[in-house]
Every structure is written in C-alpha cells, then in structure tokens.
$ cat target.txt   # compact mmCIF, C-alpha atoms
# COMPACT_ATOMS: atom_id res chain seq x y z
CA MET A 1 -1.85 0.88 -34.03
CA ALA A 2 -2.92 4.39 -33.02
CA PHE A 3 -6.13 5.85 -31.72
CA VAL A 4 -8.17 8.34 -33.68
CA PRO A 5 -7.75 11.85 -32.25
CA SER A 6 -10.92 13.74 -31.36
CA GLY A 7 -9.72 16.35 -28.86
CA ARG A 8 -8.85 16.36 -25.18
CA ALA A 9 -10.99 14.13 -22.97
CA GLU A 10 -13.31 15.82 -20.49
CA ASP A 11 -12.56 15.24 -16.79
CA LEU A 12 -15.50 13.24 -15.43
CA LYS A 13 -15.05 13.96 -11.73
CA PRO A 14 -18.14 12.12 -10.42
CA LEU A 15 -16.77 8.87 -11.77
CA THR A 16 -13.50 9.44 -9.94
CA SER A 17 -15.46 9.85 -6.69
CA LEU A 18 -17.49 6.70 -7.32
CA ARG A 19 -14.28 4.68 -7.42
CA PHE A 20 -13.90 5.18 -3.68
CA ILE A 21 -17.34 3.68 -3.03
CA ALA A 22 -16.38 0.60 -5.06
CA ALA A 23 -13.09 0.30 -3.18
CA ALA A 24 -14.98 0.67 0.11
CA MET A 25 -17.19 -2.28 -0.87
CA ILE A 26 -14.13 -4.51 -1.17
CA VAL A 27 -12.68 -3.18 2.08
CA LEU A 28 -15.93 -3.96 3.91
CA MET A 29 -16.04 -7.43 2.38
CA HIS A 30 -12.57 -8.19 3.74
CA CYS A 31 -13.38 -6.56 7.07
CA SER A 32 -16.18 -9.11 7.48
CA LEU A 33 -13.55 -11.86 7.09
CA TYR A 34 -11.03 -10.40 9.52
CA TYR A 35 -13.17 -8.71 12.17
CA THR A 36 -16.30 -9.34 14.23
CA TRP A 37 -17.67 -5.80 14.37
CA PRO A 38 -21.40 -6.15 15.10
CA TRP A 39 -22.54 -3.84 12.32
CA LEU A 40 -20.76 -6.01 9.75
CA LYS A 41 -23.12 -8.86 10.64
CA THR A 42 -26.38 -6.94 10.28
CA PRO A 43 -28.95 -8.57 7.95
CA LEU A 44 -29.11 -5.39 5.85
CA LEU A 45 -25.39 -5.36 5.06
CA ALA A 46 -25.42 -9.11 4.52
CA LYS A 47 -27.75 -8.60 1.56
CA VAL A 48 -25.26 -6.35 -0.26
CA PRO A 49 -23.03 -8.22 -2.75
CA LEU A 50 -19.86 -6.38 -1.71
CA LEU A 51 -17.80 -8.62 -3.97
CA HIS A 52 -19.25 -6.75 -6.95
CA GLY A 53 -17.11 -3.72 -6.17
CA VAL A 54 -14.44 -5.24 -8.42
CA SER A 55 -16.98 -5.52 -11.22
CA PHE A 56 -17.56 -1.77 -10.96
CA PHE A 57 -13.86 -1.18 -11.61
CA PHE A 58 -13.93 -3.38 -14.71
CA VAL A 59 -17.00 -1.63 -16.14
CA LEU A 60 -15.58 1.79 -15.30
CA SER A 61 -12.25 0.86 -16.85
CA GLY A 62 -13.88 0.08 -20.19
CA PHE A 63 -15.84 3.34 -20.06
CA ILE A 64 -12.93 5.58 -19.04
CA LEU A 65 -10.39 4.06 -21.42
CA THR A 66 -12.77 4.61 -24.32
CA HIS A 67 -13.40 8.16 -23.14
CA VAL A 68 -9.75 9.08 -22.66
CA TYR A 69 -7.85 7.15 -25.31
CA GLY A 70 -10.52 7.42 -27.96
CA ALA A 71 -9.73 11.15 -27.83
CA GLN A 72 -5.97 10.78 -28.33
CA ASN A 73 -3.54 9.59 -30.94
CA VAL A 74 -1.45 7.20 -28.85
CA PRO A 75 0.70 4.43 -30.39
CA TYR A 76 -0.04 0.96 -29.09
CA ARG A 77 3.23 0.46 -27.23
CA ARG A 78 2.97 3.89 -25.65
CA PHE A 79 -0.57 3.11 -24.52
CA LEU A 80 0.52 -0.12 -22.83
CA TRP A 81 3.40 1.69 -21.13
CA LEU A 82 1.05 4.38 -19.81
CA ARG A 83 -1.27 1.78 -18.36
CA PHE A 84 1.63 -0.20 -16.89
CA ALA A 85 2.90 3.00 -15.26
CA ARG A 86 -0.54 3.48 -13.72
CA LEU A 87 -0.67 0.06 -12.05
CA TRP A 88 2.85 -1.15 -11.39
CA PRO A 89 4.44 1.27 -8.86
CA VAL A 90 2.02 0.71 -5.97
CA HIS A 91 1.79 -2.97 -6.84
CA VAL A 92 5.54 -3.59 -6.71
CA VAL A 93 5.97 -1.54 -3.53
CA CYS A 94 3.27 -3.67 -1.90
CA LEU A 95 5.20 -6.80 -2.94
CA ILE A 96 8.35 -5.38 -1.36
CA VAL A 97 6.61 -4.36 1.86
CA ILE A 98 4.61 -7.56 2.45
CA PRO A 99 7.44 -9.75 3.89
CA PHE A 100 8.33 -7.02 6.39
CA VAL A 101 4.85 -6.19 7.73
CA VAL A 102 2.78 -9.34 7.29
CA PRO A 103 3.12 -12.02 10.00
CA ALA A 104 5.27 -15.00 9.06
CA GLY A 105 3.23 -17.83 7.63
CA SER A 106 0.58 -15.62 6.04
CA VAL A 107 2.71 -13.91 3.39
CA THR A 108 1.57 -16.14 0.53
CA PHE A 109 1.11 -19.73 -0.57
CA ASP A 110 4.17 -21.92 -1.16
CA GLY A 111 4.59 -25.32 -2.75
CA PRO A 112 6.82 -27.45 -4.97
CA GLY A 113 7.94 -26.61 -8.49
CA LEU A 114 5.51 -24.44 -10.39
CA PHE A 115 3.71 -23.64 -7.14
CA SER A 116 6.76 -22.14 -5.45
CA GLN A 117 6.11 -18.72 -3.94
CA TRP A 118 9.00 -17.39 -6.03
CA VAL A 119 7.38 -18.51 -9.27
CA ALA A 120 4.19 -16.82 -8.10
CA LEU A 121 6.22 -13.72 -7.24
CA ALA A 122 7.65 -13.59 -10.76
CA ALA A 123 4.12 -13.84 -12.15
CA ASN A 124 3.03 -11.05 -9.81
CA ILE A 125 5.88 -8.78 -10.86
CA THR A 126 4.96 -9.26 -14.52
CA LEU A 127 1.24 -8.93 -13.76
CA THR A 128 0.47 -12.31 -15.31
CA HIS A 129 -0.67 -14.22 -12.21
CA ALA A 130 -4.39 -14.02 -13.08
CA LEU A 131 -3.69 -16.16 -16.15
CA PHE A 132 -2.83 -19.20 -14.02
CA PRO A 133 -5.91 -21.30 -13.07
CA TYR A 134 -4.74 -21.90 -9.49
CA LEU A 135 -5.69 -19.98 -6.36
CA SER A 136 -2.06 -20.25 -5.27
CA PHE A 137 -1.34 -17.81 -8.12
CA VAL A 138 -4.56 -15.82 -8.26
CA PHE A 139 -4.47 -14.86 -4.57
CA SER A 140 -0.71 -15.01 -4.07
CA TRP A 141 1.25 -12.31 -2.26
CA ASN A 142 -1.08 -9.30 -2.35
CA GLY A 143 -4.28 -11.22 -2.98
CA VAL A 144 -6.31 -8.32 -4.38
CA SER A 145 -3.77 -7.70 -7.16
CA TRP A 146 -5.33 -10.42 -9.32
CA SER A 147 -7.67 -7.75 -10.66
CA ILE A 148 -4.88 -5.55 -12.03
CA SER A 149 -3.39 -8.61 -13.70
CA THR A 150 -6.78 -9.12 -15.34
CA GLU A 151 -6.83 -5.43 -16.25
CA MET A 152 -3.49 -5.73 -18.06
CA PHE A 153 -5.08 -8.30 -20.35
CA PHE A 154 -7.91 -5.87 -21.04
CA TYR A 155 -5.36 -3.14 -21.81
CA ALA A 156 -3.58 -5.37 -24.32
CA LEU A 157 -6.88 -6.07 -26.06
CA PHE A 158 -8.41 -2.61 -25.78
CA PRO A 159 -6.98 -0.91 -28.90
CA PHE A 160 -8.29 -3.70 -31.10
CA LEU A 161 -11.71 -3.55 -29.47
CA LEU A 162 -11.79 0.22 -29.78
CA ALA A 163 -11.08 0.11 -33.51
CA GLY A 164 -14.34 -1.73 -34.20
CA LEU A 165 -16.47 -0.44 -31.34
CA GLN A 166 -18.91 1.59 -33.43
CA ARG A 167 -19.86 -1.33 -35.67
CA PHE A 168 -19.26 -4.41 -33.59
CA TRP A 169 -20.07 -3.53 -29.97
CA PRO A 170 -23.11 -5.89 -29.85
CA TYR A 171 -20.89 -8.73 -31.03
CA TYR A 172 -18.34 -7.89 -28.34
CA LEU A 173 -20.99 -8.39 -25.68
CA ILE A 174 -22.33 -11.55 -27.31
CA GLY A 175 -18.83 -13.01 -27.71
CA ALA A 176 -17.87 -12.16 -24.12
CA ALA A 177 -21.11 -13.69 -22.85
CA ALA A 178 -20.38 -16.82 -24.89
CA ALA A 179 -16.96 -17.03 -23.22
CA ILE A 180 -18.68 -17.05 -19.82
CA GLY A 181 -20.85 -19.94 -20.96
CA GLY A 182 -17.74 -21.70 -22.26
CA PHE A 183 -16.04 -21.53 -18.87
CA VAL A 184 -19.12 -22.89 -17.15
CA GLY A 185 -19.26 -25.66 -19.74
CA LEU A 186 -15.59 -26.56 -19.13
CA ALA A 187 -16.17 -26.69 -15.40
CA HIS A 188 -19.15 -29.01 -15.94
CA TRP A 189 -17.30 -31.18 -18.47
CA PHE A 190 -14.38 -31.78 -16.12
CA GLN A 191 -16.69 -31.97 -13.08
CA LEU A 192 -14.68 -29.39 -11.18
CA ALA A 193 -15.47 -28.72 -7.55
CA PRO A 194 -16.51 -25.16 -6.64
CA LEU A 195 -13.61 -24.89 -4.17
CA SER A 196 -10.92 -27.06 -2.63
CA ARG A 197 -8.67 -26.89 0.40
CA ASP A 198 -5.83 -27.54 -2.03
CA VAL A 199 -4.91 -24.11 -3.47
CA ASN A 200 -2.94 -25.88 -6.21
CA ALA A 201 -6.01 -27.69 -7.53
CA ILE A 202 -8.06 -26.44 -10.46
CA THR A 203 -11.54 -25.58 -9.24
CA ILE A 204 -14.45 -23.61 -10.63
CA MET A 205 -13.31 -20.53 -8.72
CA SER A 206 -9.66 -20.81 -9.74
CA LEU A 207 -10.67 -21.36 -13.36
CA ASP A 208 -13.06 -18.47 -13.86
CA TYR A 209 -12.98 -15.90 -11.05
CA ALA A 210 -9.92 -13.96 -12.17
CA ASN A 211 -9.68 -15.19 -15.74
CA PRO A 212 -9.67 -12.20 -18.13
CA LEU A 213 -11.87 -13.98 -20.68
CA PHE A 214 -14.49 -14.72 -18.03
CA ARG A 215 -14.43 -11.06 -16.88
CA LEU A 216 -14.24 -9.54 -20.37
CA PHE A 217 -18.01 -8.99 -20.56
CA GLU A 218 -17.79 -6.38 -17.77
CA PHE A 219 -15.05 -4.49 -19.58
CA CYS A 220 -16.87 -4.61 -22.93
CA LEU A 221 -20.04 -3.45 -21.19
CA GLY A 222 -18.14 -0.40 -20.01
CA MET A 223 -17.01 0.35 -23.56
CA ALA A 224 -20.55 -0.06 -24.87
CA SER A 225 -21.82 2.17 -22.05
CA TYR A 226 -19.50 4.93 -23.20
CA ARG A 227 -21.03 4.71 -26.67
CA ALA A 228 -24.47 5.07 -25.07
CA TRP A 229 -23.27 8.04 -23.02
CA ARG A 230 -21.92 9.80 -26.09
CA ASN A 231 -25.35 9.38 -27.72
CA ARG A 232 -27.33 10.34 -24.61
CA PRO A 233 -30.43 12.52 -25.02
CA ALA A 234 -29.89 16.27 -24.61
CA TRP A 235 -32.36 16.48 -21.68
CA LEU A 236 -29.99 14.41 -19.55
CA ASP A 237 -27.64 17.43 -19.47
CA ASN A 238 -30.34 19.69 -18.05
CA PRO A 239 -29.60 20.16 -14.30
CA ALA A 240 -33.19 19.50 -13.20
CA PHE A 241 -33.62 16.39 -15.35
CA ALA A 242 -30.11 15.22 -14.48
CA THR A 243 -30.89 15.46 -10.76
CA GLY A 244 -34.07 13.45 -11.28
CA ALA A 245 -32.19 10.80 -13.25
CA GLU A 246 -29.50 10.62 -10.56
CA CYS A 247 -32.09 10.17 -7.81
CA ALA A 248 -33.82 7.49 -9.86
CA ILE A 249 -30.60 5.57 -10.42
CA LEU A 250 -29.71 5.79 -6.72
CA ALA A 251 -33.14 4.44 -5.79
CA MET A 252 -32.70 1.61 -8.27
CA LEU A 253 -29.25 0.79 -6.84
CA ALA A 254 -30.62 0.81 -3.30
CA ILE A 255 -33.41 -1.60 -4.23
CA TRP A 256 -31.02 -3.85 -6.12
CA PHE A 257 -28.29 -4.01 -3.49
CA LEU A 258 -30.52 -4.17 -0.43
CA GLY A 259 -32.60 -7.11 -1.55
CA GLY A 260 -33.21 -7.14 -5.28
CA PHE A 261 -30.00 -8.95 -6.13
CA ARG A 262 -30.52 -11.74 -3.59
CA ALA A 263 -34.14 -12.13 -4.67
CA PHE A 264 -33.19 -12.41 -8.33
CA GLN A 265 -30.35 -14.76 -7.49
CA GLY A 266 -32.80 -17.02 -5.70
CA PHE A 267 -35.23 -16.85 -8.63
CA VAL A 268 -32.66 -18.16 -11.14
CA ALA A 269 -30.99 -20.62 -8.73
CA GLY A 270 -30.22 -23.87 -10.47
CA ASP A 271 -29.02 -22.41 -13.77
CA GLY A 272 -25.27 -22.97 -13.47
CA THR A 273 -24.18 -20.38 -16.02
CA ILE A 274 -26.37 -17.52 -14.80
CA ASP A 275 -25.97 -18.34 -11.12
CA ARG A 276 -22.17 -18.49 -11.31
CA TRP A 277 -21.93 -15.23 -13.24
CA LEU A 278 -24.41 -13.48 -10.96
CA GLU A 279 -22.37 -14.33 -7.88
CA ILE A 280 -19.25 -12.78 -9.39
CA ALA A 281 -20.49 -9.90 -11.53
CA GLY A 282 -24.28 -9.77 -11.40
CA SER A 283 -24.41 -6.03 -10.68
CA CYS A 284 -22.38 -4.91 -13.71
CA TRP A 285 -25.50 -3.79 -15.58
CA ALA A 286 -26.49 -1.54 -12.65
CA PHE A 287 -22.99 -0.09 -12.51
CA ALA A 288 -23.12 0.63 -16.24
CA LEU A 289 -26.41 2.54 -15.87
CA ALA A 290 -25.06 4.49 -12.89
CA ILE A 291 -21.91 5.44 -14.80
CA VAL A 292 -23.88 6.68 -17.80
CA VAL A 293 -26.20 8.79 -15.63
CA MET A 294 -23.55 10.12 -13.22
CA ALA A 295 -20.67 10.74 -15.62
CA LYS A 296 -21.46 14.29 -16.71
CA GLY A 297 -22.19 15.55 -13.20
CA ASN A 298 -24.86 18.08 -14.20
CA GLY A 299 -27.29 17.12 -11.44
CA LEU A 300 -27.13 17.91 -7.74
CA ILE A 301 -25.61 14.55 -6.82
CA GLY A 302 -23.08 14.85 -9.62
CA ARG A 303 -22.04 18.27 -8.34
CA ILE A 304 -21.60 16.86 -4.82
CA LEU A 305 -19.47 14.06 -6.24
CA SER A 306 -17.38 16.69 -8.05
CA LEU A 307 -16.34 18.39 -4.81
CA ARG A 308 -12.70 18.21 -3.83
CA LEU A 309 -13.00 15.74 -0.92
CA PRO A 310 -14.91 12.97 -2.72
CA VAL A 311 -12.70 13.42 -5.79
CA TRP A 312 -9.58 13.10 -3.62
CA LEU A 313 -10.98 9.95 -2.01
CA GLY A 314 -11.56 8.61 -5.51
CA GLU A 315 -8.00 9.47 -6.48
CA ILE A 316 -6.58 7.41 -3.61
CA SER A 317 -9.08 4.57 -4.16
CA PHE A 318 -6.61 2.45 -6.13
CA ALA A 319 -4.14 2.68 -3.25
CA VAL A 320 -6.96 1.90 -0.78
CA TYR A 321 -7.71 -1.23 -2.76
CA MET A 322 -4.08 -2.29 -2.98
CA VAL A 323 -2.98 -1.71 0.63
CA HIS A 324 -6.03 -2.53 2.73
CA GLN A 325 -5.62 -6.30 3.00
CA ILE A 326 -1.90 -5.99 3.73
CA LEU A 327 -2.66 -3.54 6.52
CA MET A 328 -5.34 -5.83 7.96
CA LYS A 329 -2.83 -8.67 8.14
CA ALA A 330 -0.22 -6.37 9.67
CA LEU A 331 -2.65 -5.20 12.35
CA SER A 332 -3.73 -8.76 13.12
CA VAL A 333 -0.76 -9.21 15.49
CA VAL A 334 -2.30 -6.79 17.99
CA PRO A 335 -5.89 -7.80 18.85
CA ALA A 336 -6.46 -4.50 20.69
CA TRP A 337 -6.19 -2.72 17.33
CA HIS A 338 -9.09 -4.68 15.80
CA VAL A 339 -11.49 -1.76 16.12
CA GLU A 340 -13.09 0.38 13.42
CA TRP A 341 -11.64 3.67 14.60
CA ILE A 342 -8.11 2.28 14.14
CA VAL A 343 -8.43 -0.02 11.12
CA LEU A 344 -10.45 2.15 8.74
CA PRO A 345 -8.57 5.46 9.29
CA ALA A 346 -5.28 3.54 9.07
CA ILE A 347 -6.30 2.21 5.65
CA VAL A 348 -7.14 5.69 4.37
CA LEU A 349 -3.91 7.12 5.81
CA ALA A 350 -1.74 4.36 4.34
CA ALA A 351 -3.50 4.75 0.99
CA ALA A 352 -2.97 8.52 0.99
CA ILE A 353 0.74 8.03 1.66
CA ALA A 354 1.00 5.38 -1.05
CA HIS A 355 -0.85 7.58 -3.53
CA HIS A 356 1.13 10.77 -2.94
CA ILE A 357 4.55 9.26 -2.22
CA VAL A 358 4.56 6.26 -4.55
CA GLU A 359 1.73 6.11 -7.08
CA THR A 360 1.71 9.65 -8.47
CA PRO A 361 5.45 10.49 -8.60
CA CYS A 362 6.46 7.04 -9.85
CA ARG A 363 3.77 7.05 -12.51
CA LEU A 364 4.94 10.43 -13.76
CA ALA A 365 8.55 9.24 -13.77
CA LEU A 366 7.68 6.09 -15.71
CA VAL A 367 5.58 8.05 -18.18
CA ARG A 368 8.55 10.30 -18.94
CA LEU A 369 11.10 7.47 -19.04
CA PRO A 370 10.76 6.37 -22.71
CA ARG A 371 10.96 10.00 -23.85
CA TRP A 372 14.02 10.57 -21.63
CA ARG A 373 15.80 7.52 -23.05
CA THR A 374 15.04 8.65 -26.60
CA GLN A 375 16.53 12.09 -25.92
CA ARG A 376 19.61 10.62 -24.19
CA TYR A 377 20.56 8.18 -26.93
CA ARG A 378 19.60 10.31 -29.88
$ encode --input "target.txt" --output "structure tokens"
Amino acid sequence: MAFVPSGRAEDLKPLTSLRFIAAAMIVLMHCSLYYTWPWLKTPLLAKVPLLHGVSFFFVLSGFILTHVYGAQNVPYRRFLWLRFARLWPVHVVCLIVIPFVVPAGSVTFDGPGLFSQWVALAANITLTHALFPYLSFVFSWNGVSWSISTEMFFYALFPFLLAGLQRFWPYYLIGAAAAIGGFVGLAHWFQLAPLSRDVNAITIMSLDYANPLFRLFEFCLGMASYRAWRNRPAWLDNPAFATGAECAILAMLAIWFLGGFRAFQGFVAGDGTIDRWLEIAGSCWAFALAIVVMAKGNGLIGRILSLRLPVWLGEISFAVYMVHQILMKALSVVPAWHVEWIVLPAIVLAAAIAHHIVETPCRLALVRLPRWRTQRYR
C-alpha cells in the first residue's frame, strides 16, 4: 500500500511547540505523585485534568500523520520503519539505563511465568506491552512507554484508515466510539474492579486505559480534524481573524481546564461509559479544536509559538516524556534534591541530551539503514 502524493507537507511549527505543553502536563501529574511542592496542591491546579496530556498526543498524531504522509508516496513497510525509527531509539536507551539509575526494587514489576519482568521486557522492546491487559505489562519498566506501544498500533492501522478518510471519516469516529462502549460493557459483564493491588489482575484500568482500540477514537479524531483544517474558511488565514480565533480557543481551554471539565464530569456522573471515557480522554475534543485553529500559525499566538525556543522545546518533548519518570526515581535517593529548581531543569537537560545525542542521530541512522542494506547487497 502506498500513499497518494500531493506535494511536500508544510511545517506546522505551532503544533510542534504545543507538544511541550502536553508533555509538561504529564510531568506535572507525576510530580504531584512524587513531590509535596505546595503549588502542586493548589485547588486551581487540582482542577486541571493533567492526565489528558497523553490524549493531546494521540489527537495530534492522527492530525500530523495525515498531514505528512498524505502528502507522500511511501510504501507501507517503509512507513512503519520510519515510525519505528522515530520511537524506538530513546525508548530502548531508557530500558538500558533504568537498571543502572533507578533504585533497586522500583525498576519494574516481577512475577511468575507470563508476569516475569523479562517477558515484560521483551514486550517493551517490541513495543507490544500495551496489548496485554495487565498493569504489570502496561506500566512495566519505563511506565510512560505504554503510550508509544499504543501508537505503534495506530501506525499499523493508519494507512488503511487514510485510504478511506474522505468518505468514511464519520464511520471511523462512530466505530471507535462503539469500541469504547464495548470495553465498558465487557468490564460490566465480568464485574471488573476499577483497580486492584494485584498488578497481574485484570481490572477496568488494565483493560482499557492503554488498549489501542479504547484509545482509537482520539487518533481518528485527529485525522478527522486534519480534514476539517484542510477545508477551513479562508478568513481563518487572515492574521487579524486568526489572532481572534486563537484568543477565543485559549479562553475556551482555560474555562474547560480550570473548572469546566470537572463541572461537566460531575453533571454526567453515574453514566459508566461517558464517565470512564471522560476521566481518560475527555479533553480530546478541545485539543482537536485547538490544533485546527493553531496549526497554520497566522495569528499572533501562532507566531509566538513558531519562535525558535518554543519550537525547540517541542522538539525535545518526546524525550521529556520518556525520561522524566526515570529521572524522578533516580533523584528519589537524595531527599535534598526534591526541589523544583533541581528536578524540573534536570528533566529538560536530560531530555535535551537524549534528543540530540540519541533520538535524532539514531533516527536518521535507522531511516537510512534499509537503503544502505539495499545498496550493499545489490
């Protein structure tokens, strides 16, 4: 399968910058678990569903993949290799580093047979650990990496979704929404507990949280959002109107994250399907609107997001996401280091090193590898 060529994809710099904000949401969420900084406990921050930062990445992934690969003629296997090269280098280096920097006893879960840490490691290396309905797999080794395992499933499905996007995008969203309802129905049918102390037990969270089919709606929403962006009204490209639209979307996001989400969540409390999905991904619609409005960068806010510093922060955001929890565990051995001015700069520094020393050069090397092998054995 190949993609239909339509020219080189435009570089949407504001969206690169926004990735750092989403990564920062996850970092702050984990900071609230590891540290007792007073500002992390403020009522205002407590209202923000920081967990939804991952949802932003899924929506953005659907949007960007459609933008980039819909404009290229890339064979299916080559596409998968390019995406693997994007995710795997930092991921595997994190797996190598963890036993050396993380305190003994907190490296990962371990158990008998299937639940051995080495079986989980094999699943991590192959980026398949999100497919196992056990927290001992989902959050094994580098716990945040479940999301890139989920992403690999999206990548495998993406070319087939792209082929019918123009005609069938509403059915994609309906089908993905039905899958969410199916997971909730399974959990109800088997009377699964929301959580369990036993990480090898199947619970509601282990069944749906990282499962690619449960998260597929977010990815499909991103693809559908790209279609909306391509058909956007011409006035949205006018700098004055674009600035107004950007300000409006920021105001909407502020209202939603600083109280609107919790209020709506309370309003629908009791509906298992909606309530469960809201807790995990209830802000995906807001992210989709923000991406559509911000993508072009014609307004004042878009131009600020296109500056070199925010773009660079966005470029290292994947490394920020991948290394931050490992670094928090590594720093846990010295209580005196549990302060913001050490932890947060250390995360950015470690991410910058990982991005420039590991992620970028290794990705480029992997991208060239199939071509190099073809030339060598020709």
$ residues_around --input "target.txt" --residues "Leu349 (chain A)" --least-positions-apart "3" --cutoff "12 Å" --atoms "all atoms listed in the file" --output "VMD selection string"
chain A and resid 313 316 to 317 319 to 320 323 to 324 327 342 to 346 352 to 357
$ closest_residue --input "target.txt" --among "A:Ala156, A:Leu289, A:Met328, A:Val102" --to "Val59 (chain A)" --atoms "all atoms listed in the file"
A:Leu289
$ atom_distance --input "target.txt" --atom1 "CA of Leu236 (chain A)" --atom2 "CA of Phe261 (chain A)"
26.9 Å
$ residues_around --input "target.txt" --residues "Asn200 (chain A)" --least-positions-apart "3" --cutoff "7 Å" --atoms "only C-alpha atoms" --output "ChimeraX atom specification"
/A:134-136
$ axis_aligned_box --input "target.txt" --around "region 107-121 of chain A" --padding-each-side "6 Å" --output "JSON"
{"center_x": 5.1, "center_y": -20.6, "center_z": -3.5, "size_x": 19.9, "size_y": 25.7, "size_z": 25.8}
$ atom_distance --input "target.txt" --atom1 "CA of Val74 (chain A)" --atom2 "CA of Leu161 (chain A)"
14.9 Å
$ atom_distance --input "target.txt" --atom1 "CA of Val138 (chain A)" --atom2 "CA of Ala176 (chain A)"
21.0 Å
$ closest_residue --input "target.txt" --among "A:Ala193, A:Phe84, A:Asn238, A:Gly244" --to "Ile148 (chain A)" --atoms "all atoms listed in the file"
A:Phe84
$ closest_atom_pairs --input "target.txt" --of "region 47-100 of chain A" --to "region 110-121 of chain A" --cutoff "12 Å" --atoms "only C-alpha atoms" --output "CSV"
residue,atom,partner,partner_atom,distance
A:His91,CA,A:Leu121,CA,11.6
A:Val92,CA,A:Leu121,CA,10.2
A:Cys94,CA,A:Leu121,CA,11.8
A:Leu95,CA,A:Leu121,CA,8.2
A:Ile96,CA,A:Leu121,CA,10.4
A:Ile98,CA,A:Leu121,CA,11.6
A:Pro99,CA,A:Leu121,CA,11.9
$ closest_residue --input "target.txt" --among "A:Pro335, A:Gly53, A:Gly260, A:Pro239" --to "Asn298 (chain A)" --atoms "only C-alpha atoms"
A:Pro239
$ closest_residue --input "target.txt" --among "A:Glu246, A:Glu151, A:Glu359, A:Glu218" --to "Leu278 (chain A)" --atoms "all atoms listed in the file"
A:Glu218
$ residues_around --input "target.txt" --residues "region 329-333 of chain A" --least-positions-apart "4" --cutoff "7 Å" --atoms "only C-alpha atoms" --output "list in words"
Val101, Val102, Pro103, Gln325 and Trp337 of chain A
$ residues_around --input "target.txt" --residues "Arg303 (chain A)" --least-positions-apart "3" --cutoff "12 Å" --atoms "all atoms listed in the file" --output "PyMOL selection string"
chain A and resi 12-15+17+239+242-243+246+294-300+306-311
$ closest_residue --input "target.txt" --among "A:Arg86, A:Arg215, A:His338, A:His188" --to "Val358 (chain A)" --atoms "only C-alpha atoms"
A:Arg86
$ residues_around --input "target.txt" --residues "Pro194 (chain A)" --least-positions-apart "3" --cutoff "7 Å" --atoms "only C-alpha atoms" --output "PyMOL selection string"
chain A and resi 203-205
$ write_last_selection --input "target.txt" --atoms "C-alpha atoms" --output "tab-separated table (two decimals), in the coordinates of the input"
chain	number	residue	atom	x	y	z
A	203	THR	CA	-11.54	-25.58	-9.24
A	204	ILE	CA	-14.45	-23.61	-10.63
A	205	MET	CA	-13.31	-20.53	-8.72
